[in-house]
file structure_21.cif (mmCIF, C-alpha atoms)
data_structure
#
loop_
_atom_site.label_atom_id
_atom_site.label_comp_id
_atom_site.auth_asym_id
_atom_site.auth_seq_id
_atom_site.Cartn_x
_atom_site.Cartn_y
_atom_site.Cartn_z
CA MET E 1 0.00 0.00 0.00
CA GLU E 2 2.79 2.46 0.93
CA GLU E 3 4.55 1.87 -2.40
CA HIS E 4 1.28 2.46 -4.28
CA ILE E 5 0.80 5.75 -2.41
CA LYS E 6 4.31 6.85 -3.32
CA GLU E 7 3.72 5.92 -6.95
CA SER E 8 0.47 7.90 -7.07
CA LYS E 9 2.14 10.81 -5.27
CA PHE E 10 5.04 10.84 -7.70
CA GLY E 11 2.75 11.13 -10.70
CA GLU E 12 1.14 14.15 -9.04
CA ILE E 13 4.58 15.59 -8.26
CA VAL E 14 5.60 15.50 -11.92
CA LYS E 15 2.38 17.25 -12.96
CA LYS E 16 2.83 19.97 -10.33
CA ILE E 17 6.46 20.55 -11.30
CA LYS E 18 5.33 21.14 -14.88
CA LYS E 19 2.49 23.42 -13.76
CA THR E 20 4.86 25.51 -11.64
CA LEU E 21 7.33 25.90 -14.51
CA ASN E 22 4.50 26.72 -16.92
CA ASP E 23 3.26 29.43 -14.54
CA ILE E 24 6.62 31.21 -14.75
CA ASN E 25 6.68 30.69 -18.54
CA TYR E 26 9.73 28.47 -18.36
CA ASP E 27 10.28 26.40 -21.50
CA TYR E 28 11.39 23.21 -19.79
CA GLU E 29 10.66 21.08 -22.85
CA GLY E 30 12.95 23.27 -24.93
CA GLU E 31 15.71 23.05 -22.33
CA ILE E 32 15.41 19.27 -22.15
CA ILE E 33 15.82 19.13 -25.93
CA LYS E 34 18.89 21.37 -25.66
CA PHE E 35 20.43 19.07 -23.06
CA GLY E 36 20.30 16.37 -25.73
CA GLN E 37 20.16 13.43 -23.34
CA VAL E 38 16.52 12.51 -23.94
CA THR E 39 17.14 12.87 -27.68
CA SER E 40 20.10 10.49 -27.32
CA VAL E 41 17.86 7.98 -25.53
CA ASP E 42 15.34 8.23 -28.37
CA LYS E 43 18.08 7.72 -30.96
CA ARG E 44 19.37 4.65 -29.14
CA ASN E 45 15.84 3.27 -28.88
CA ASP E 46 15.53 3.78 -32.66
CA GLY E 47 18.63 1.66 -33.20
CA GLN E 48 21.36 4.27 -33.54
CA LYS E 49 24.86 3.17 -32.55
CA PHE E 50 27.29 5.53 -30.84
CA SER E 51 30.92 5.68 -31.97
CA ILE E 52 33.89 5.68 -29.62
CA ASP E 53 34.34 9.41 -30.33
CA GLU E 54 30.74 10.01 -29.22
CA HIS E 55 31.43 8.01 -26.07
CA LEU E 56 34.52 10.13 -25.45
CA ARG E 57 32.41 13.26 -25.91
CA GLY E 58 29.90 11.94 -23.38
CA LEU E 59 32.66 11.20 -20.90
CA ILE E 60 34.35 14.60 -21.26
CA LEU E 61 31.07 16.52 -20.93
CA ALA E 62 30.32 14.53 -17.79
CA MET E 63 33.71 15.54 -16.41
CA LEU E 64 33.10 19.20 -17.18
CA SER E 65 29.80 19.09 -15.26
CA SER E 66 31.59 18.20 -12.03
CA HIS E 67 30.95 20.55 -9.08
CA ARG E 68 29.96 23.57 -11.12
CA PRO E 69 26.88 25.14 -12.77
CA TRP E 70 25.98 23.64 -16.14
CA GLY E 71 24.75 26.89 -17.72
CA PRO E 72 28.17 28.20 -18.90
CA ILE E 73 29.02 24.76 -20.34
CA ALA E 74 25.79 24.75 -22.34
CA ASP E 75 26.40 28.31 -23.53
CA ASN E 76 29.89 27.39 -24.78
CA ILE E 77 29.17 23.95 -26.21
CA ASP E 78 30.17 24.90 -29.77
CA GLU E 79 33.50 26.26 -28.55
CA ILE E 80 34.04 23.12 -26.44
CA ASN E 81 33.46 21.01 -29.54
CA LYS E 82 36.20 22.99 -31.30
CA ILE E 83 38.60 22.75 -28.35
CA PHE E 84 38.35 18.95 -28.45
CA PHE E 85 38.52 18.68 -32.27
CA ASN E 86 34.89 17.48 -32.33
CA PHE E 87 36.06 14.77 -29.91
CA ASP E 88 38.42 13.02 -32.29
CA LYS E 89 40.05 10.56 -29.92
CA THR E 90 43.33 10.35 -31.87
CA ARG E 91 43.84 14.12 -31.89
CA ILE E 92 42.86 14.38 -28.23
CA PHE E 93 45.29 11.59 -27.34
CA ASN E 94 48.18 13.32 -29.15
CA THR E 95 47.51 16.84 -27.84
CA ASN E 96 49.29 18.37 -24.85
CA LYS E 97 46.64 18.38 -22.16
CA ASN E 98 47.75 21.79 -20.88
CA LEU E 99 46.18 23.22 -24.04
CA PHE E 100 42.75 21.89 -23.04
CA VAL E 101 43.12 23.23 -19.52
CA GLN E 102 44.13 26.65 -20.81
CA LYS E 103 41.34 26.95 -23.37
CA LEU E 104 38.62 25.67 -21.04
CA THR E 105 39.74 28.07 -18.33
CA GLN E 106 39.68 30.98 -20.78
CA ILE E 107 35.99 30.40 -21.50
CA LYS E 108 35.24 29.79 -17.80
CA CYS E 109 34.33 26.14 -18.34
CA GLY E 110 36.88 24.59 -16.01
CA ASN E 111 36.43 23.29 -12.49
CA LEU E 112 38.59 22.49 -9.48
CA SER E 113 39.59 19.13 -10.97
CA ILE E 114 40.10 20.25 -14.56
CA ARG E 115 43.85 19.56 -14.70
CA LYS E 116 43.48 16.06 -13.27
CA GLN E 117 40.54 15.42 -15.60
CA MET E 118 42.48 16.43 -18.68
CA ASP E 119 45.56 14.46 -17.56
CA SER E 120 43.33 11.36 -17.29
CA LEU E 121 42.11 11.50 -20.89
CA ASN E 122 44.76 9.26 -22.42
CA TYR E 123 44.24 6.60 -19.77
CA ASN E 124 40.48 6.76 -20.32
CA ILE E 125 40.86 6.56 -24.10
CA GLN E 126 43.05 3.47 -23.67
CA THR E 127 40.43 1.98 -21.33
CA MET E 128 37.75 2.55 -23.97
CA GLU E 129 39.94 0.88 -26.58
CA LYS E 130 40.47 -2.09 -24.26
CA ILE E 131 36.70 -2.35 -23.78
CA GLU E 132 36.19 -2.26 -27.54
CA ASP E 133 38.74 -5.05 -27.97
CA GLU E 134 36.77 -7.20 -25.52
CA TYR E 135 33.19 -6.24 -26.40
CA GLY E 136 33.47 -5.22 -30.04
CA ASN E 137 32.42 -1.63 -29.30
CA MET E 138 31.51 0.64 -26.40
CA ASP E 139 27.79 0.27 -27.08
CA ASN E 140 27.96 -3.48 -26.53
CA PHE E 141 29.64 -2.88 -23.19
CA ILE E 142 27.30 -0.25 -21.78
CA THR E 143 24.22 -2.29 -22.78
CA SER E 144 25.60 -5.57 -21.45
CA ASP E 145 24.02 -4.96 -18.02
CA ASN E 146 21.59 -2.53 -16.37
CA PHE E 147 22.73 1.10 -16.22
CA ASN E 148 23.40 1.02 -12.48
CA SER E 149 25.74 -1.96 -12.72
CA ILE E 150 27.63 -0.42 -15.64
CA ALA E 151 27.95 2.88 -13.76
CA LYS E 152 29.48 1.06 -10.81
CA LYS E 153 31.91 -0.80 -13.05
CA ILE E 154 33.26 2.35 -14.66
CA SER E 155 33.30 4.39 -11.46
CA GLY E 156 34.50 1.88 -8.88
CA GLY E 157 35.41 -1.38 -10.55
CA LYS E 158 38.93 -2.58 -11.25
CA LYS E 159 38.88 -3.71 -14.85
CA TYR E 160 36.95 -0.92 -16.59
CA LYS E 161 37.40 2.01 -14.19
CA PHE E 162 37.67 5.46 -15.77
CA LYS E 163 39.87 7.95 -13.95
CA GLN E 164 38.22 11.09 -12.54
CA ILE E 165 34.78 9.52 -12.93
CA GLY E 166 32.83 8.83 -9.77
CA TYR E 167 29.39 7.26 -9.52
CA PRO E 168 27.28 10.37 -10.38
CA LEU E 169 29.54 11.32 -13.31
CA SER E 170 29.41 7.77 -14.63
CA LEU E 171 25.63 8.07 -14.79
CA GLU E 172 25.93 11.46 -16.49
CA TYR E 173 28.22 9.89 -19.09
CA LEU E 174 25.76 7.06 -19.73
CA ARG E 175 22.93 9.54 -20.24
CA ASN E 176 25.06 11.42 -22.75
CA VAL E 177 25.24 8.29 -24.90
CA GLY E 178 21.56 7.44 -24.79
CA ILE E 179 21.16 5.31 -21.68
CA SER E 180 18.08 6.23 -19.67
CA ALA E 181 19.41 6.98 -16.20
CA ILE E 182 19.49 9.51 -13.38
CA LYS E 183 22.39 11.59 -12.06
CA PRO E 184 21.89 11.74 -8.27
CA ASP E 185 23.28 15.20 -7.56
CA ILE E 186 22.30 17.28 -4.55
CA HIS E 187 19.27 18.80 -6.30
CA ILE E 188 17.74 15.37 -6.87
CA ARG E 189 18.66 13.98 -3.47
CA ARG E 190 17.39 17.04 -1.59
CA ILE E 191 14.00 17.32 -3.30
CA ILE E 192 13.08 13.66 -2.62
CA SER E 193 14.34 13.77 0.98
CA ASN E 194 12.20 13.90 4.13
CA GLU E 195 12.76 17.68 4.31
CA ARG E 196 11.07 18.23 0.95
CA LEU E 197 8.84 15.72 -0.87
CA ASN E 198 9.35 12.88 1.61
CA LEU E 199 9.94 10.11 -0.92
CA CYS E 200 12.71 8.99 1.45
CA ASP E 201 12.83 9.23 5.25
CA LYS E 202 16.21 11.02 5.16
CA LEU E 203 18.58 12.69 2.72
CA PRO E 204 19.15 9.68 0.46
CA SER E 205 22.58 8.55 -0.59
CA GLU E 206 23.43 8.70 -4.27
CA SER E 207 22.64 5.03 -4.81
CA GLU E 208 19.43 5.28 -2.77
CA ALA E 209 18.24 8.23 -4.87
CA VAL E 210 18.88 6.22 -8.04
CA ASP E 211 16.95 3.24 -6.67
CA ILE E 212 13.98 5.35 -5.53
CA LEU E 213 13.49 7.30 -8.75
CA SER E 214 14.24 4.30 -10.96
CA LYS E 215 11.46 2.33 -9.29
CA LEU E 216 8.92 5.16 -9.33
CA THR E 217 9.51 6.07 -12.98
CA GLU E 218 9.38 2.45 -14.04
CA GLU E 219 6.06 1.92 -12.27
CA LEU E 220 4.63 4.96 -14.05
CA ASN E 221 6.25 4.03 -17.39
CA MET E 222 8.21 7.31 -17.50
CA ASN E 223 11.53 8.01 -19.20
CA LEU E 224 14.01 8.23 -16.32
CA THR E 225 16.30 10.67 -18.13
CA TYR E 226 13.36 12.96 -18.92
CA VAL E 227 12.16 12.95 -15.32
CA ASP E 228 15.67 13.60 -14.04
CA ASN E 229 16.14 16.52 -16.47
CA LEU E 230 12.75 17.94 -15.48
CA ILE E 231 13.42 17.80 -11.73
CA TRP E 232 16.91 19.20 -12.17
CA ILE E 233 15.60 22.15 -14.22
CA PHE E 234 12.99 22.75 -11.51
CA CYS E 235 15.75 23.05 -8.90
CA ALA E 236 18.89 24.47 -10.53
CA ILE E 237 19.78 28.14 -10.04
CA ASP E 238 20.63 28.79 -13.70
CA TYR E 239 17.34 27.22 -14.80
CA GLY E 240 13.91 27.08 -13.11
CA ASN E 241 15.37 27.86 -9.68
CA ILE E 242 12.19 26.88 -7.81
CA CYS E 243 13.41 24.24 -5.35
CA ASN E 244 17.01 25.16 -4.68
CA GLN E 245 18.65 25.36 -1.26
CA LYS E 246 16.36 28.35 -0.59
CA PRO E 247 13.13 27.30 -2.32
CA GLN E 248 10.53 29.67 -3.73
CA CYS E 249 7.61 28.02 -1.94
CA ASN E 250 5.30 30.97 -2.64
CA ILE E 251 5.11 30.12 -6.35
CA CYS E 252 5.47 26.33 -6.09
CA HIS E 253 2.49 24.02 -6.64
CA LEU E 254 4.26 21.29 -4.65
CA LYS E 255 3.96 23.11 -1.33
CA GLU E 256 0.97 21.03 -0.21
CA LEU E 257 3.00 17.84 -0.74
CA CYS E 258 6.22 19.24 0.68
CA ASN E 259 7.61 19.16 4.23
CA PHE E 260 9.82 22.24 3.92
CA LYS E 261 7.40 24.69 5.56
CA LYS E 262 5.92 22.06 7.88
CA LEU E 263 9.32 21.31 9.37
CA GLY E 264 10.26 24.96 9.57
CA CYS E 265 13.42 24.35 7.56
#

call {"tool": "encode", "arguments": {"input": "structure_21.cif", "output": "structure tokens"}}
result
Amino acid sequence: MEEHIKESKFGEIVKKIKKTLNDINYDYEGEIIKFGQVTSVDKRNDGQKFSIDEHLRGLILAMLSSHRPWGPIADNIDEINKIFFNFDKTRIFNTNKNLFVQKLTQIKCGNLSIRKQMDSLNYNIQTMEKIEDEYGNMDNFITSDNFNSIAKKISGGKKYKFKQIGYPLSLEYLRNVGISAIKPDIHIRRIISNERLNLCDKLPSESEAVDILSKLTEELNMNLTYVDNLIWIFCAIDYGNICNQKPQCNICHLKELCNFKKLGC
């Protein structure tokens, strides 16, 4: 019974998120299209295969998203494509990584780990090539198990571990190459916690957040990547900015379902 209540509640949550964003005239559908992850899922579902260069692009963009706002990355995506030679793995491998650090910093698209991330690229390219030797191509590997198991292999396993890629970034990478998944960043974890929508009796861990939303979206036959993008837009400062650390409860249609005011947070 409790799980059925949560399922019903989650469907209402999604509707109210959309209503709130519509009320402020926020084009969330357009932003989701710009993100490209749902489009990548659709392409994969239609049978499209992703090349190793496209996998490298997905991995690098995941790295760049680490511990920083996404807005400036999105605004500079064409320049980022040029910096990485449209993600040609051979040219990236043979380029001095200081060049990438310098150019990304110039357009304010770096982060605290940018040097380590760029220094890891050759190792990660070689890891991808090893995977392709064993599986035929990267697509065969990432679809050989469920997305959560693959994410754990590339973030914490021994054989296929990518450097500078933790669990959330591994999920971001998978979404970039058309795998329906969720990135459990603080926005997602906070909004489903007991202090907000109470889909968990605490602030969930990263893996708990993935399990909770995976189950709820599956029961409602929703695209997990779409739902993740929608919730993230609803929360993020550079986007909808409704349910951030300091939520705008006065304009939010979720307030009747939310514990934030009730708990006096």

call {"tool": "closest_atom_pairs", "arguments": {"input": "structure_21.cif", "of": "region 98-185 of chain E", "to": "region 68-89 of chain E", "cutoff": "12 Å", "atoms": "only C-alpha atoms", "output": "tab-separated table"}}
result
residue	atom	partner	partner_atom	distance
E:Asn98	CA	E:Ile83	CA	11.9
E:Leu99	CA	E:Ile83	CA	8.7
E:Phe100	CA	E:Ile83	CA	6.8
E:Val101	CA	E:Ile83	CA	9.9
E:Gln102	CA	E:Ile83	CA	10.1
E:Lys103	CA	E:Ile83	CA	7.1
E:Leu104	CA	E:Ile80	CA	7.5
E:Thr105	CA	E:Ile80	CA	11.1
E:Gln106	CA	E:Glu79	CA	11.0
E:Ile107	CA	E:Asn76	CA	7.6
E:Lys108	CA	E:Pro72	CA	7.3
E:Cys109	CA	E:Ile73	CA	5.8
E:Gly110	CA	E:Arg68	CA	8.5
E:Asn111	CA	E:Arg68	CA	6.6
E:Leu112	CA	E:Arg68	CA	8.9
E:Ser113	CA	E:Arg68	CA	10.6
E:Ile114	CA	E:Arg68	CA	11.2
E:Met118	CA	E:Phe84	CA	10.9
E:Leu121	CA	E:Lys89	CA	9.3
E:Asn122	CA	E:Lys89	CA	9.0
E:Tyr123	CA	E:Lys89	CA	11.7
E:Asn124	CA	E:Lys89	CA	10.3
E:Ile125	CA	E:Lys89	CA	7.1
E:Gln126	CA	E:Lys89	CA	9.9
E:Met128	CA	E:Lys89	CA	10.2
E:Glu129	CA	E:Lys89	CA	10.2
E:Asp185	CA	E:Arg68	CA	11.3

call {"tool": "residues_around", "arguments": {"input": "structure_21.cif", "residues": "region 179-184 of chain E", "least_positions_apart": "3", "cutoff": "9 Å", "atoms": "all atoms listed in the file", "output": "PyMOL selection string"}}
result
chain E and resi 37-38+40-41+44+142-143+147-148+167-176+187-189+205-210+213-214+223-229

call {"tool": "atom_distance", "arguments": {"input": "structure_21.cif", "atom1": "CA of Ile33 (chain E)", "atom2": "CA of Glu219 (chain E)"}}
result
24.0 Å

call {"tool": "atom_distance", "arguments": {"input": "structure_21.cif", "atom1": "CA of Gly166 (chain E)", "atom2": "CA of Gly58 (chain E)"}}
result
14.3 Å

call {"tool": "atom_distance", "arguments": {"input": "structure_21.cif", "atom1": "CA of Leu21 (chain E)", "atom2": "CA of Cys200 (chain E)"}}
result
23.9 Å

call {"tool": "closest_residue", "arguments": {"input": "structure_21.cif", "among": "E:Ile233, E:Asn259, E:Val177, E:Leu203", "to": "Gly30 (chain E)", "atoms": "all atoms listed in the file"}}
result
E:Ile233

call {"tool": "closest_residue", "arguments": {"input": "structure_21.cif", "among": "E:Glu12, E:Gly178, E:Pro204, E:Asp23", "to": "Cys252 (chain E)", "atoms": "all atoms listed in the file"}}
result
E:Asp23

call {"tool": "resolve_selection", "arguments": {"input": "structure_21.cif", "expression": "the PyMOL selection byres ((chain E and resi 257) around 10)", "output": "ChimeraX atom specification"}}
result
/E:9,12-13,16,196-198,253-256,258-260

call {"tool": "closest_residue", "arguments": {"input": "structure_21.cif", "among": "E:Gln117, E:Thr95, E:Asn25, E:Asn137", "to": "Ile52 (chain E)", "atoms": "all atoms listed in the file"}}
result
E:Asn137

call {"tool": "closest_residue", "arguments": {"input": "structure_21.cif", "among": "E:Asp119, E:Lys34, E:Ser66, E:Asp139", "to": "Gln48 (chain E)", "atoms": "all atoms listed in the file"}}
result
E:Asp139

call {"tool": "closest_residue", "arguments": {"input": "structure_21.cif", "among": "E:Arg190, E:Lys215, E:Lys130, E:Lys97", "to": "Phe162 (chain E)", "atoms": "only C-alpha atoms"}}
result
E:Lys130

call {"tool": "closest_residue", "arguments": {"input": "structure_21.cif", "among": "E:Ile32, E:Gly157, E:Ile186, E:Asp42", "to": "His67 (chain E)", "atoms": "all atoms listed in the file"}}
result
E:Ile186

call {"tool": "axis_aligned_box", "arguments": {"input": "structure_21.cif", "around": "region 49-58 of chain E", "padding_each_side": "8 Å", "output": "lines of an AutoDock Vina configuration file"}}
result
center_x = 29.7
center_y = 8.2
center_z = -28.0
size_x = 25.7
size_y = 26.1
size_z = 25.2
